[in-house]
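Peer 1: Encoded as structure tokens, here's the structure I'll be asking about.
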Amino acid sequence: MHIWTLPVLGGTPRQLTDAPARFRDWYPCWSTDGETIAFMRSTSGENWAEAGEGNISVVSADGCEPRRITSESDRIFDAAPVMWSPDGKLLAYFSRDKRDAPDGTIKVIPATGGEPRIVTKVRGAFANKEMAWSPGNRRIAYNELRGDTTRIVSNMIKVVSLDDGSTEEIVPDLKDVKEIYHLDWSPDGKTLVFAGYTGGWPEFWTVGNFLPLARTER
């Protein structure tokens with residue numbers, strides 16, 4: 001699996017990366033200036049649960065040689081996306097201390113490389129697949145496992161502050177939602193949108209009025 005770009009108005013796809021044997025490149029994410037793409041490179045298995053160690057790399061949009069950002073010592077959960085902050089300075093991702101550990105952390109690392117820092121601990125890291133930066137770069141919304149760790153029911157949405165690490169749960173009526181996908185923040189910072197699986201076909205949901213978390217950022 002490799003990273004490609006494709007002109008929206010038509011044209012020839014361009015391959016940007018060439019993953020080595022037994023590796024796959026996935027979860028691409030554009031930088032806000034459109035010049036760089038961050039992605040996950042991990043050893044491949046027969047399914048996502050058997051995927052091996054992952055690392056985050058960046059590649060320029062013109063296809064230069066990728067540059068690895070994270071180190072082998074950082075146990076990155078490689079079945080979850082890499083998210084670029086709106087100001088282009090940080091990359092956020094899920095991490096686990098051990099491959100089979102049930103819990104983990106959300107970390108951020110400078111997009112140019114450097115030491116990562118833990119933003120918050122998360123419960124049921126294997127069930128966490130979604131996160132979204134707030135428009136002002138200071139908060140991250142993410143989904144977290146609710147209830148028994150033997151059941152993958154990640155219908156809890158939390159918001160963590162990058163300023164002080166405080167975390168609050170947003171408590172809408174999500175009892176019928178079994179799984180959350182594609183979490184994103186509105187440009188004004190007041191509403192979250194996500195796809196929710198209720199047992200039939202996935203549906204789109206919005207969550208608003210979760211003040212004071214939705215206050216205007218400065």
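Just remember, in the structure tokens the first chain shown is A, the second B, etc., residues are 1-based per chain, and ligands are 1-based in the order shown.
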When you look at Thr167 in chain A with a cut-off of 12 Å (counting only C-alpha atoms), what residues show up, excluding the ones that are within fewer than 5 positions of it in the same chain? I need them as a VMD selection string.

Peer 2: chain A and resid 106 119 to 122 139 to 142 144 157 to 162 213

Peer 1: Restricting the calculation to only C-alpha atoms, which member of A:Tyr93, A:Ser186, A:Ser31, A:Gln15 is positioned closest to Cys64 in chain A?

Peer 2: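 Among the listed residues, A:Gln15 lies closest to Cys64 in chain A.
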
Peer 1: Can you measure CA of Val82 in chain A to CA of Asp188 in chain A for me? One decimal in Å is fine.

Peer 2: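 Computing the Euclidean distance for CA of Val82 in chain A and CA of Asp188 in chain A yields 22.3 Å.
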
Peer 1: Need the shell around Ile109 in chain A: protein/DNA/RNA residues with any atom at most 10 Å away, counting only C-alpha atoms. Skip same-chain ones fewer than 6 positions apart. Format as a PyMOL selection string?

Peer 2: chain A and resi 56+69-70+84+89-93+115-118

Peer 1: Could you give me, as JSON, numbers by chain, the residues within 12 Å of Phe39 in chain A, counting only C-alpha atoms and dropping anything in the same chain fewer than 5 positions from it?

Peer 2: {"A": [1, 2, 3, 4, 16, 17, 19, 24, 25, 26, 27, 28, 29, 30, 31, 54, 55, 56, 57, 58, 59, 60, 66, 67, 68, 69, 70, 78, 79, 80, 81, 82, 83, 84, 91, 92, 93, 111]}
